[in-house]
$ cat structure_17.txt   # compact mmCIF, C-alpha atoms and all ligand atoms
# COMPACT_ATOMS: atom_id res chain seq x y z
CA MET A 1 -32.03 -6.42 32.55
CA SER A 2 -28.74 -6.74 34.38
CA ASP A 3 -25.36 -5.97 32.87
CA HIS A 4 -24.53 -9.62 33.28
CA THR A 5 -27.42 -10.67 31.02
CA ASN A 6 -26.40 -8.11 28.42
CA LEU A 7 -22.90 -9.51 28.39
CA ASN A 8 -24.24 -13.00 27.77
CA HIS A 9 -26.22 -11.77 24.79
CA THR A 10 -23.28 -9.96 23.28
CA MET A 11 -20.93 -12.87 23.89
CA LYS A 12 -23.18 -14.99 21.73
CA GLY A 13 -22.88 -12.31 19.09
CA LEU A 14 -26.55 -11.44 19.41
CA ALA A 15 -26.40 -7.87 20.72
CA PRO A 16 -30.20 -7.67 20.31
CA GLU A 17 -31.73 -4.40 19.39
CA GLY A 18 -32.62 -2.17 22.27
CA ILE A 19 -30.17 -3.79 24.67
CA PRO A 20 -27.12 -1.58 25.15
CA VAL A 21 -23.78 -3.34 24.71
CA ARG A 22 -21.58 -2.93 27.76
CA THR A 23 -18.87 -0.42 26.97
CA ASP A 24 -16.27 -2.57 28.71
CA ASP A 25 -17.28 -5.76 26.89
CA ILE A 26 -14.15 -7.32 25.41
CA PHE A 27 -16.19 -8.13 22.28
CA GLY A 28 -17.21 -4.47 21.82
CA LYS A 29 -14.55 -3.86 19.19
CA ALA A 30 -15.76 -6.86 17.21
CA PHE A 31 -19.35 -5.64 17.15
CA GLY A 32 -18.05 -2.29 15.93
CA PHE A 33 -15.99 -3.88 13.14
CA THR A 34 -18.17 -3.62 10.04
CA ARG A 35 -15.67 -2.54 7.39
CA ALA A 36 -15.12 -5.99 5.91
CA ASP A 37 -18.86 -6.74 5.69
CA GLU A 38 -19.48 -3.37 4.07
CA ALA A 39 -16.77 -4.03 1.46
CA ILE A 40 -18.25 -7.48 0.72
CA GLU A 41 -21.69 -5.89 0.34
CA ALA A 42 -20.23 -3.30 -2.08
CA GLY A 43 -18.44 -6.00 -4.08
CA ILE A 44 -15.01 -4.56 -3.36
CA TYR A 45 -13.63 -7.07 -0.86
CA PRO A 46 -10.42 -8.58 -2.28
CA TYR A 47 -9.48 -11.10 0.45
CA PHE A 48 -10.25 -14.73 1.33
CA LYS A 49 -11.39 -15.55 -2.22
CA PRO A 50 -12.02 -19.32 -2.29
CA ILE A 51 -10.20 -21.18 -5.05
CA SER A 52 -11.73 -24.41 -6.33
CA GLU A 53 -8.78 -25.55 -8.45
CA GLN A 54 -5.19 -24.45 -9.16
CA HIS A 55 -3.01 -25.40 -12.10
CA GLY A 56 0.32 -23.76 -12.92
CA GLY A 57 -0.28 -20.05 -13.42
CA THR A 58 -4.08 -20.30 -13.25
CA VAL A 59 -6.79 -20.85 -10.64
CA LYS A 60 -10.53 -21.41 -10.81
CA VAL A 61 -12.81 -19.14 -8.76
CA ASP A 62 -16.62 -19.20 -8.99
CA GLY A 63 -16.26 -21.50 -12.01
CA ARG A 64 -14.07 -18.93 -13.82
CA LYS A 65 -10.46 -19.62 -14.84
CA MET A 66 -8.16 -16.75 -13.85
CA ILE A 67 -4.45 -15.99 -14.15
CA ILE A 68 -2.98 -15.83 -10.65
CA THR A 69 -0.27 -13.41 -9.62
CA GLY A 70 1.06 -12.95 -6.11
CA SER A 71 1.18 -16.57 -4.96
CA ASN A 72 4.42 -17.97 -3.53
CA ASP A 73 4.67 -21.27 -5.41
CA TYR A 74 7.84 -19.84 -6.93
CA LEU A 75 9.27 -22.98 -8.48
CA GLY A 76 5.80 -24.13 -9.56
CA LEU A 77 6.17 -27.44 -7.72
CA THR A 78 2.72 -27.68 -6.07
CA GLN A 79 1.42 -29.72 -9.00
CA ASP A 80 4.57 -31.78 -9.57
CA PRO A 81 3.54 -35.48 -9.68
CA ARG A 82 6.72 -36.47 -7.81
CA LEU A 83 5.64 -34.39 -4.81
CA GLU A 84 2.17 -35.92 -4.86
CA LYS A 85 3.72 -39.38 -5.01
CA ALA A 86 6.06 -38.59 -2.11
CA ALA A 87 3.09 -37.47 0.01
CA THR A 88 1.00 -40.56 -0.65
CA ALA A 89 3.97 -42.93 -0.24
CA VAL A 90 4.48 -42.00 3.43
CA PHE A 91 0.78 -42.15 4.23
CA ASP A 92 0.97 -45.97 4.59
CA ARG A 93 3.79 -45.66 7.13
CA TYR A 94 2.59 -42.75 9.22
CA GLY A 95 -1.07 -41.98 8.52
CA THR A 96 -2.50 -38.49 8.62
CA SER A 97 -0.91 -36.85 11.69
CA CYS A 98 1.81 -37.13 14.35
CA THR A 99 -0.73 -36.11 17.05
CA GLY A 100 2.13 -35.16 19.34
CA SER A 101 4.87 -32.58 19.73
CA ARG A 102 8.36 -33.24 18.45
CA TYR A 103 9.61 -33.23 22.06
CA LEU A 104 7.40 -36.09 23.13
CA THR A 105 5.82 -38.57 20.72
CA GLY A 106 5.91 -36.66 17.43
CA THR A 107 9.49 -37.00 16.13
CA LEU A 108 9.58 -39.18 13.02
CA GLU A 109 12.66 -40.58 11.32
CA LEU A 110 11.48 -38.51 8.39
CA HIS A 111 11.87 -35.22 10.34
CA GLU A 112 15.44 -36.13 11.14
CA GLU A 113 16.14 -37.12 7.56
CA LEU A 114 14.84 -33.75 6.33
CA GLU A 115 16.94 -31.93 8.95
CA ARG A 116 20.07 -33.78 7.87
CA ARG A 117 19.34 -33.05 4.21
CA LEU A 118 18.69 -29.36 4.89
CA ALA A 119 21.91 -29.00 6.87
CA GLY A 120 23.74 -30.65 3.98
CA PHE A 121 22.11 -28.38 1.38
CA PHE A 122 22.95 -25.22 3.34
CA ARG A 123 26.42 -26.57 4.29
CA ASP A 124 25.59 -26.00 7.93
CA GLU A 125 26.19 -28.26 10.91
CA ALA A 126 22.54 -28.78 11.81
CA ALA A 127 18.93 -27.89 11.05
CA LEU A 128 15.62 -27.99 12.87
CA THR A 129 12.15 -28.05 11.31
CA PHE A 130 8.99 -26.38 12.62
CA SER A 131 5.28 -26.81 12.04
CA THR A 132 5.15 -23.49 10.17
CA GLY A 133 7.69 -20.84 9.24
CA PHE A 134 5.87 -18.39 11.49
CA LEU A 135 6.38 -20.68 14.49
CA GLY A 136 10.02 -21.12 13.51
CA MET A 137 10.62 -17.37 13.61
CA LEU A 138 8.94 -17.18 17.02
CA ALA A 139 10.92 -20.12 18.36
CA VAL A 140 14.35 -18.98 17.18
CA LEU A 141 14.07 -15.34 18.22
CA SER A 142 12.42 -16.00 21.57
CA ALA A 143 14.72 -18.88 22.53
CA LEU A 144 17.95 -17.05 21.77
CA THR A 145 17.36 -13.55 23.11
CA GLY A 146 17.09 -12.82 26.82
CA ARG A 147 16.51 -9.75 28.97
CA GLN A 148 19.73 -7.92 28.25
CA ASP A 149 19.93 -8.72 24.56
CA ILE A 150 19.02 -6.34 21.75
CA LEU A 151 17.40 -7.28 18.44
CA TYR A 152 17.70 -5.00 15.40
CA LEU A 153 14.97 -5.51 12.81
CA ASP A 154 14.47 -3.93 9.39
CA ARG A 155 11.15 -2.06 9.37
CA GLU A 156 9.96 -4.11 6.38
CA ASN A 157 10.65 -7.47 8.02
CA HIS A 158 7.86 -10.02 8.07
CA ALA A 159 5.31 -9.91 10.91
CA SER A 160 6.54 -13.24 12.31
CA LEU A 161 9.94 -11.70 13.08
CA TYR A 162 8.31 -8.80 14.89
CA ASP A 163 6.16 -11.21 16.85
CA GLY A 164 9.24 -13.32 17.63
CA ALA A 165 11.04 -10.24 18.94
CA ARG A 166 8.01 -9.32 21.06
CA LEU A 167 7.77 -12.83 22.45
CA SER A 168 11.42 -12.70 23.48
CA PHE A 169 12.50 -10.77 26.57
CA GLY A 170 15.05 -8.81 24.54
CA THR A 171 14.80 -5.17 23.47
CA LEU A 172 13.50 -4.51 19.96
CA ARG A 173 15.00 -1.78 17.79
CA LYS A 174 13.69 -1.05 14.29
CA TYR A 175 15.90 0.44 11.60
CA ARG A 176 14.66 2.13 8.44
CA HIS A 177 14.20 -0.26 5.54
CA ASN A 178 17.57 -1.33 4.08
CA ASP A 179 19.10 1.83 5.62
CA LEU A 180 22.40 0.69 7.07
CA ASP A 181 23.32 4.17 8.33
CA ASP A 182 20.25 3.98 10.53
CA LEU A 183 21.24 0.49 11.70
CA GLU A 184 24.74 1.69 12.50
CA ARG A 185 23.37 4.68 14.42
CA LEU A 186 21.37 2.29 16.63
CA LEU A 187 24.25 -0.15 17.09
CA ALA A 188 26.61 2.68 18.02
CA ARG A 189 24.12 4.14 20.47
CA ASP A 190 23.90 0.78 22.24
CA ALA A 191 27.67 0.16 22.25
CA GLY A 192 28.90 -0.48 25.77
CA LYS A 193 25.54 -1.76 27.00
CA ALA A 194 25.40 -5.28 28.40
CA GLY A 195 23.94 -8.21 26.47
CA GLY A 196 24.18 -9.74 23.02
CA ARG A 197 23.16 -8.28 19.67
CA MET A 198 21.16 -9.90 16.88
CA ILE A 199 20.50 -8.31 13.49
CA VAL A 200 17.45 -9.89 11.86
CA THR A 201 16.53 -9.25 8.25
CA ASP A 202 14.40 -10.73 5.51
CA GLY A 203 16.68 -11.90 2.67
CA VAL A 204 14.10 -10.86 0.07
CA PHE A 205 11.41 -8.53 1.38
CA SER A 206 7.95 -9.94 0.86
CA MET A 207 6.21 -6.74 -0.22
CA SER A 208 8.86 -4.69 -2.04
CA GLY A 209 10.84 -7.55 -3.61
CA HIS A 210 14.06 -5.83 -2.47
CA ILE A 211 17.13 -7.86 -1.59
CA ALA A 212 18.65 -7.08 1.83
CA ASP A 213 22.00 -5.33 1.77
CA LEU A 214 23.72 -8.31 3.38
CA PRO A 215 27.32 -7.25 2.65
CA GLU A 216 26.82 -4.06 4.70
CA ILE A 217 24.84 -5.85 7.40
CA VAL A 218 27.58 -8.44 7.81
CA GLU A 219 30.20 -5.71 7.98
CA LEU A 220 28.29 -3.87 10.72
CA ALA A 221 27.71 -7.12 12.58
CA ARG A 222 31.45 -7.76 12.62
CA ARG A 223 32.20 -4.27 13.81
CA TYR A 224 29.62 -4.27 16.60
CA GLY A 225 29.80 -7.93 17.65
CA ALA A 226 26.30 -8.86 16.48
CA ARG A 227 24.94 -12.15 15.13
CA VAL A 228 23.15 -12.13 11.76
CA VAL A 229 19.89 -13.99 11.20
CA VAL A 230 18.32 -14.07 7.73
CA ASP A 231 14.68 -14.98 7.07
CA ASP A 232 15.04 -16.33 3.55
CA ALA A 233 11.39 -17.35 3.02
CA HIS A 234 11.28 -15.71 -0.42
CA ALA A 235 14.82 -16.53 -1.53
CA THR A 236 15.48 -20.20 -0.78
CA GLY A 237 15.36 -22.11 -4.05
CA VAL A 238 15.25 -18.79 -5.90
CA LEU A 239 18.46 -16.81 -5.36
CA GLY A 240 22.05 -18.01 -5.58
CA GLU A 241 23.76 -20.26 -8.09
CA SER A 242 22.49 -23.36 -6.28
CA GLY A 243 19.31 -21.91 -4.79
CA ARG A 244 20.75 -21.46 -1.31
CA GLY A 245 19.25 -18.00 -1.12
CA THR A 246 20.45 -14.52 -0.24
CA PRO A 247 23.67 -15.53 1.57
CA GLU A 248 24.75 -17.56 -1.47
CA HIS A 249 23.70 -14.73 -3.81
CA PHE A 250 26.26 -12.48 -2.07
CA GLY A 251 28.86 -15.19 -1.38
CA LEU A 252 28.36 -14.63 2.36
CA GLU A 253 27.23 -18.02 3.60
CA ASP A 254 30.03 -18.20 6.16
CA GLU A 255 29.16 -14.78 7.56
CA VAL A 256 25.45 -15.38 8.18
CA ASP A 257 24.89 -17.14 11.50
CA LEU A 258 21.40 -18.55 11.00
CA VAL A 259 19.10 -18.94 8.01
CA ILE A 260 15.41 -19.35 8.84
CA GLY A 261 12.96 -20.35 6.16
CA THR A 262 9.66 -21.85 5.22
CA PHE A 263 8.39 -24.82 3.24
CA SER A 264 5.26 -22.89 2.24
CA LYS A 265 6.78 -21.20 -0.80
CA SER A 266 9.41 -22.77 -3.10
CA PHE A 267 9.14 -26.11 -1.25
CA ALA A 268 5.43 -26.38 -2.16
CA SER A 269 4.59 -27.75 1.27
CA VAL A 270 4.03 -26.25 4.70
CA GLY A 271 6.41 -25.92 7.67
CA GLY A 272 9.56 -24.01 8.58
CA PHE A 273 13.22 -24.55 9.34
CA VAL A 274 16.40 -23.04 10.75
CA THR A 275 19.97 -24.03 9.91
CA GLY A 276 23.19 -23.12 11.68
CA PRO A 277 25.79 -24.29 14.23
CA ARG A 278 24.91 -27.55 16.02
CA SER A 279 24.99 -26.07 19.52
CA VAL A 280 22.66 -23.20 18.59
CA ILE A 281 20.18 -25.50 16.86
CA ASN A 282 20.28 -27.81 19.87
CA TYR A 283 19.58 -24.87 22.16
CA VAL A 284 16.54 -23.79 20.13
CA LYS A 285 15.38 -27.42 20.11
CA HIS A 286 15.33 -27.45 23.92
CA HIS A 287 14.21 -23.87 24.62
CA GLY A 288 11.98 -22.80 21.72
CA ARG A 289 8.47 -22.93 23.15
CA PRO A 290 6.72 -22.54 19.75
CA PHE A 291 8.71 -25.64 18.72
CA ILE A 292 8.18 -27.71 21.85
CA PHE A 293 4.55 -27.00 22.64
CA THR A 294 2.92 -27.66 19.29
CA ALA A 295 2.13 -30.70 17.16
CA ALA A 296 4.89 -31.92 14.84
CA LEU A 297 4.84 -31.34 11.10
CA PRO A 298 2.80 -34.17 9.49
CA ALA A 299 4.75 -36.83 7.58
CA MET A 300 3.17 -35.97 4.24
CA GLN A 301 4.35 -32.35 4.44
CA VAL A 302 7.84 -33.52 5.43
CA ALA A 303 7.95 -35.95 2.51
CA VAL A 304 6.88 -33.20 0.11
CA ALA A 305 9.58 -30.85 1.43
CA LEU A 306 12.20 -33.60 1.07
CA GLN A 307 11.19 -34.26 -2.53
CA ALA A 308 11.16 -30.52 -3.32
CA LEU A 309 14.65 -30.18 -1.83
CA GLU A 310 15.85 -32.99 -4.08
CA ILE A 311 14.41 -31.14 -7.11
CA MET A 312 15.97 -27.84 -6.01
CA GLU A 313 19.35 -29.52 -5.74
CA THR A 314 19.23 -31.33 -9.07
CA GLU A 315 17.04 -29.31 -11.44
CA PRO A 316 18.17 -25.69 -11.77
CA GLU A 317 15.83 -25.24 -14.74
CA HIS A 318 12.89 -24.30 -12.46
CA ARG A 319 14.93 -21.51 -10.90
CA GLU A 320 16.08 -20.38 -14.34
CA ARG A 321 12.53 -20.29 -15.71
CA LEU A 322 11.42 -18.32 -12.67
CA ALA A 323 14.22 -15.78 -13.22
CA ARG A 324 13.14 -15.32 -16.87
CA ASN A 325 9.49 -14.92 -15.88
CA ALA A 326 10.40 -12.46 -13.13
CA GLU A 327 12.36 -10.37 -15.62
CA GLN A 328 9.45 -10.34 -18.10
CA LEU A 329 7.05 -9.24 -15.34
CA ARG A 330 9.35 -6.61 -13.79
CA GLU A 331 10.38 -5.08 -17.07
CA GLY A 332 6.89 -5.29 -18.54
CA ILE A 333 5.27 -3.51 -15.59
CA SER A 334 7.97 -0.80 -15.57
CA ALA A 335 7.71 -0.31 -19.34
CA LEU A 336 3.99 0.42 -18.91
CA GLY A 337 4.98 3.35 -16.70
CA PHE A 338 4.17 1.90 -13.27
CA ASP A 339 6.44 2.40 -10.27
CA THR A 340 7.69 -1.02 -9.08
CA LEU A 341 9.44 0.50 -6.04
CA GLY A 342 12.83 -0.81 -7.12
CA SER A 343 11.91 -4.51 -7.06
CA GLN A 344 14.92 -6.75 -7.77
CA THR A 345 13.22 -10.14 -7.69
CA GLN A 346 10.18 -12.25 -8.60
CA ILE A 347 8.06 -10.12 -6.22
CA VAL A 348 6.98 -7.00 -8.09
CA PRO A 349 4.90 -4.42 -6.22
CA VAL A 350 2.89 -2.09 -8.42
CA LEU A 351 2.47 1.24 -6.65
CA ILE A 352 -1.03 2.66 -7.01
CA GLY A 353 -0.99 4.98 -3.96
CA PRO A 354 -4.39 5.94 -2.49
CA ASP A 355 -6.29 3.06 -0.85
CA GLU A 356 -9.56 3.56 -2.73
CA LEU A 357 -7.87 3.79 -6.11
CA THR A 358 -5.92 0.62 -5.29
CA VAL A 359 -9.11 -1.27 -4.50
CA MET A 360 -10.67 -0.01 -7.77
CA PHE A 361 -7.54 -1.16 -9.55
CA TRP A 362 -7.85 -4.59 -7.97
CA LYS A 363 -11.51 -4.75 -9.05
CA GLY A 364 -10.60 -3.85 -12.63
CA LEU A 365 -8.01 -6.63 -12.70
CA TRP A 366 -10.45 -9.09 -11.16
CA GLU A 367 -13.02 -8.35 -13.84
CA ALA A 368 -10.31 -8.84 -16.47
CA GLY A 369 -9.67 -12.37 -15.11
CA ILE A 370 -6.56 -11.63 -13.03
CA PHE A 371 -6.47 -13.02 -9.49
CA THR A 372 -4.42 -10.70 -7.33
CA THR A 373 -4.59 -8.90 -3.98
CA PRO A 374 -3.88 -5.33 -2.91
CA ALA A 375 -1.69 -4.49 0.08
CA LEU A 376 -3.14 -1.60 2.05
CA PRO A 377 -2.03 0.14 5.29
CA PRO A 378 -0.97 -0.97 7.87
CA GLY A 379 0.73 -3.62 5.67
CA VAL A 380 2.30 -0.74 3.69
CA PRO A 381 2.90 2.95 4.58
CA ALA A 382 -0.12 5.29 4.31
CA GLY A 383 -0.73 6.50 0.74
CA GLN A 384 1.59 3.79 -0.67
CA SER A 385 -0.90 1.04 -1.41
CA ILE A 386 0.23 -1.53 -3.92
CA ILE A 387 -0.91 -4.48 -5.95
CA ARG A 388 1.58 -7.20 -5.05
CA THR A 389 2.43 -9.27 -8.09
CA SER A 390 4.76 -12.21 -8.44
CA VAL A 391 5.32 -14.98 -10.92
CA ASN A 392 6.19 -18.63 -10.65
CA ALA A 393 8.21 -20.92 -12.89
CA ASN A 394 5.04 -22.33 -14.48
CA HIS A 395 3.62 -19.06 -15.79
CA THR A 396 3.90 -19.06 -19.56
CA PRO A 397 5.16 -15.97 -21.40
CA GLU A 398 1.62 -15.70 -22.88
CA GLN A 399 0.05 -15.64 -19.42
CA ILE A 400 2.46 -12.92 -18.29
CA GLY A 401 1.64 -11.06 -21.53
CA ARG A 402 -2.09 -11.19 -20.70
CA LEU A 403 -1.34 -10.00 -17.18
CA LEU A 404 0.54 -7.02 -18.58
CA GLU A 405 -2.29 -6.23 -21.01
CA ALA A 406 -4.74 -6.19 -18.11
CA PHE A 407 -2.46 -3.87 -16.09
CA ALA A 408 -2.19 -1.56 -19.12
CA ALA A 409 -5.96 -1.46 -19.68
CA VAL A 410 -6.87 -0.89 -16.02
CA GLY A 411 -3.97 1.56 -15.50
CA ASN A 412 -5.04 3.65 -18.51
CA GLY A 413 -8.72 3.41 -17.58
CA LEU A 414 -8.08 4.74 -14.07
CA GLY A 415 -5.47 7.28 -15.16
CA VAL A 416 -2.69 5.68 -13.13
CA ILE A 417 -0.52 5.56 -16.26
CA GLY A 418 -0.64 7.13 -19.69
C1 LIG B 501 9.28 -13.37 5.01
C2 LIG B 501 8.40 -14.40 5.63
N1 LIG B 501 8.78 -14.98 6.77
C3 LIG B 501 8.02 -15.93 7.35
C4 LIG B 501 6.82 -16.35 6.83
C5 LIG B 501 6.00 -17.37 7.53
O1 LIG B 501 6.09 -18.59 6.89
P1 LIG B 501 4.95 -19.70 6.97
O2 LIG B 501 3.99 -19.45 5.87
O3 LIG B 501 5.68 -20.98 6.81
O4 LIG B 501 4.32 -19.59 8.33
C6 LIG B 501 6.41 -15.78 5.63
C7 LIG B 501 5.13 -16.22 5.03
O5 LIG B 501 4.29 -15.47 4.62
C8 LIG B 501 7.20 -14.77 5.01
O6 LIG B 501 6.80 -14.17 3.89
$ encode --input "structure_17.txt" --output "structure tokens" --more "lines below"
Ligand SMILES: Cc1ncc(COP(=O)(O)O)c(C=O)c1O
Amino acid sequence: MSDHTNLNHTMKGLAPEGIPVRTDDIFGKAFGFTRADEAIEAGIYPYFKPISEQHGGTVKVDGRKMIITGSNDYLGLTQDPRLEKAATAVFDRYGTSCTGSRYLTGTLELHEELERRLAGFFRDEAALTFSTGFLGMLAVLSALTGRQDILYLDRENHASLYDGARLSFGTLRKYRHNDLDDLERLLARDAGKAGGRMIVTDGVFSMSGHIADLPEIVELARRYGARVVVDDAHATGVLGESGRGTPEHFGLEDEVDLVIGTFSKSFASVGGFVTGPRSVINYVKHHGRPFIFTAALPAMQVAVALQALEIMETEPEHRERLARNAEQLREGISALGFDTLGSQTQIVPVLIGPDELTVMFWKGLWEAGIFTTPALPPGVPAGQSIIRTSVNANHTPEQIGRLLEAFAAVGNGLGVIG
């Protein structure tokens, strides 16, 4: 049988017995990837668990009601009847999809209304929305940085920022997590080189729950002539007196050049956005390929984000409940003797350490009726595997109490605490 025939077999995923797979087949790595199937077979696969229903702090999986921790519905708005009503109300006007890119046939009055409202909320000149936050990060970073420019990214930044930096033609430098001496060392080393500088940081880090050291970052940016971009996916609607995120939390809104965010967390929708000076937003609008060459955000998702923004602006009680729940979770987990890696927010990592032990821990929680997911390398450093927990505003103190009981029982059972 010719090599060509073999390739056809393997491309169909058949790789029939007795027929050697070509070593240079691009699918070779996929045929060799068996780890996930093995974990499923062993009953220790924690990902892609299908949920049949979700209500407040609980979900239903395989007919069983479980307490969920680790989701990003921080303000608990996904079940708010006003959001559901907003989604169905625009259906009559716009139907199910824009079926076009914003650039061409997909811009709705509703997109522009949301952009005006976002700019107003963040007290910025302008805003632009994207089909997802991930695409927004790609669009902003790749549009604004050219060949001579240098981007400085915190090592713990979200993957979308790394991919945005890679998509751009600029040079990527990584600094140690929240280590501003390291950032300064890199900025100083590049001083005198041509091109612009952009410091990009998560506002709240999605795995550790740390808050970025924005006051120091802003100070360094001033000193070295860099622009500051904050990905506030986990902080919009959560931090700051009015929910305007990490810059508001530190009183530094005038010092941060761009805030990029997502509608997939506190806004209980899907989509992304950037806010900042009109000229910069206009530039991204006309140069951001992941903005231009993709279908526009559907009207229903825009309407939901608009309604959520209205609630964020007028009902601080959701944010306040979230803060209380976050404190109960953080303090409860620490009091049990777990290491929460210095979490400062509603995201509370629970350090377990070795990968296998972390998966066993996850399994123990799952059997106790707690829906959660472990974060293993390469998502976290080797030997530092965690269970990522978080709460939303709709978790009741009793639910958080049951969560803590389960952590205590599994932690004692596996000898992680006690
Ligand atoms: C810090 C951070 N940035 C960006 C994103 C991407 O947002 P989206 O879900 O809207 O694509 C996420 C989502 O996981 C995130 O956690």
$ residues_around --input "structure_17.txt" --residues "segment 113-130 of chain A" --least-positions-apart "3" --cutoff "7 Å" --atoms "only C-alpha atoms" --output "ChimeraX atom specification"
/A:109-110,133,135-136,244,271-278,281,291,297,306
$ atom_distance --input "structure_17.txt" --atom1 "atom CA of Ile387 of chain A" --atom2 "atom CA of Gly369 of chain A"
14.9 Å
$ closest_atom_pairs --input "structure_17.txt" --of "segment 290-359 of chain A" --to "segment 192-204 of chain A" --cutoff "12 Å" --atoms "only C-alpha atoms" --output "JSON lines"
{"residue": "A:Ser343", "atom": "CA", "partner": "A:Val204", "partner_atom": "CA", "distance": 9.8}
{"residue": "A:Gln344", "atom": "CA", "partner": "A:Val204", "partner_atom": "CA", "distance": 8.9}
{"residue": "A:Thr345", "atom": "CA", "partner": "A:Val204", "partner_atom": "CA", "distance": 7.8}
{"residue": "A:Gln346", "atom": "CA", "partner": "A:Val204", "partner_atom": "CA", "distance": 9.6}
{"residue": "A:Ile347", "atom": "CA", "partner": "A:Val204", "partner_atom": "CA", "distance": 8.8}
{"residue": "A:Val348", "atom": "CA", "partner": "A:Val204", "partner_atom": "CA", "distance": 11.5}
$ residues_near_ligand --input "structure_17.txt" --ligand "ligand LIG 501 (chain B)" --cutoff "8 Å" --atoms "all atoms listed in the file" --output "PDB file with C-alpha atoms, keeping the file's coordinate frame"
ATOM      1  CA  SER A 131       5.280 -26.810  12.040  1.00  0.00           C
ATOM      2  CA  THR A 132       5.150 -23.490  10.170  1.00  0.00           C
ATOM      3  CA  GLY A 133       7.690 -20.840   9.240  1.00  0.00           C
ATOM      4  CA  PHE A 134       5.870 -18.390  11.490  1.00  0.00           C
ATOM      5  CA  LEU A 135       6.380 -20.680  14.490  1.00  0.00           C
ATOM      6  CA  GLY A 136      10.020 -21.120  13.510  1.00  0.00           C
ATOM      7  CA  MET A 137      10.620 -17.370  13.610  1.00  0.00           C
ATOM      8  CA  ASN A 157      10.650  -7.470   8.020  1.00  0.00           C
ATOM      9  CA  HIS A 158       7.860 -10.020   8.070  1.00  0.00           C
ATOM     10  CA  ALA A 159       5.310  -9.910  10.910  1.00  0.00           C
ATOM     11  CA  SER A 160       6.540 -13.240  12.310  1.00  0.00           C
ATOM     12  CA  LEU A 161       9.940 -11.700  13.080  1.00  0.00           C
ATOM     13  CA  ASP A 202      14.400 -10.730   5.510  1.00  0.00           C
ATOM     14  CA  GLY A 203      16.680 -11.900   2.670  1.00  0.00           C
ATOM     15  CA  VAL A 204      14.100 -10.860   0.070  1.00  0.00           C
ATOM     16  CA  PHE A 205      11.410  -8.530   1.380  1.00  0.00           C
ATOM     17  CA  SER A 206       7.950  -9.940   0.860  1.00  0.00           C
ATOM     18  CA  ASP A 231      14.680 -14.980   7.070  1.00  0.00           C
ATOM     19  CA  ASP A 232      15.040 -16.330   3.550  1.00  0.00           C
ATOM     20  CA  ALA A 233      11.390 -17.350   3.020  1.00  0.00           C
ATOM     21  CA  HIS A 234      11.280 -15.710  -0.420  1.00  0.00           C
ATOM     22  CA  GLY A 261      12.960 -20.350   6.160  1.00  0.00           C
ATOM     23  CA  THR A 262       9.660 -21.850   5.220  1.00  0.00           C
ATOM     24  CA  PHE A 263       8.390 -24.820   3.240  1.00  0.00           C
ATOM     25  CA  SER A 264       5.260 -22.890   2.240  1.00  0.00           C
ATOM     26  CA  LYS A 265       6.780 -21.200  -0.800  1.00  0.00           C
ATOM     27  CA  VAL A 270       4.030 -26.250   4.700  1.00  0.00           C
ATOM     28  CA  GLY A 271       6.410 -25.920   7.670  1.00  0.00           C
ATOM     29  CA  GLY A 272       9.560 -24.010   8.580  1.00  0.00           C
TER      30      GLY A 272
END
$ residues_around --input "structure_17.txt" --residues "segment 33-43 of chain A" --least-positions-apart "5" --cutoff "12 Å" --atoms "all atoms listed in the file" --output "list of chain:residue names"
A:Phe27, A:Gly28, A:Phe48, A:Lys49, A:Glu356, A:Val359, A:Met360, A:Trp362, A:Lys363, A:Gly364, A:Trp366, A:Glu367
$ closest_residue --input "structure_17.txt" --among "A:Arg173, A:Arg185, A:His395, A:Arg319" --to "Thr236 of chain A" --atoms "only C-alpha atoms"
A:Arg319
$ atom_distance --input "structure_17.txt" --atom1 "atom CA of Thr340 of chain A" --atom2 "atom CA of Gly209 of chain A"
9.1 Å
$ atom_distance --input "structure_17.txt" --atom1 "atom CA of Glu255 of chain A" --atom2 "atom CA of Met312 of chain A"
23.0 Å
$ decode --input "structure_17.txt" --residues "segment 259-271 of chain A" --atoms "C-alpha atoms" --output "mmCIF file, in the first residue's frame"
data_model
loop_
_atom_site.group_PDB
_atom_site.id
_atom_site.type_symbol
_atom_site.label_atom_id
_atom_site.label_comp_id
_atom_site.auth_asym_id
_atom_site.auth_seq_id
_atom_site.Cartn_x
_atom_site.Cartn_y
_atom_site.Cartn_z
ATOM 1 C CA VAL A 259 -9.398 49.010 29.710
ATOM 2 C CA ILE A 260 -10.277 45.810 27.869
ATOM 3 C CA GLY A 261 -12.978 43.536 29.175
ATOM 4 C CA THR A 262 -15.503 40.841 28.538
ATOM 5 C CA PHE A 263 -19.265 40.426 28.751
ATOM 6 C CA SER A 264 -18.857 36.731 29.600
ATOM 7 C CA LYS A 265 -18.457 37.210 33.343
ATOM 8 C CA SER A 266 -20.211 39.918 35.405
ATOM 9 C CA PHE A 267 -22.265 41.017 32.366
ATOM 10 C CA ALA A 268 -23.833 37.533 32.096
ATOM 11 C CA SER A 269 -23.612 37.630 28.313
ATOM 12 C CA VAL A 270 -20.879 37.008 25.764
ATOM 13 C CA GLY A 271 -18.627 39.481 23.908
#
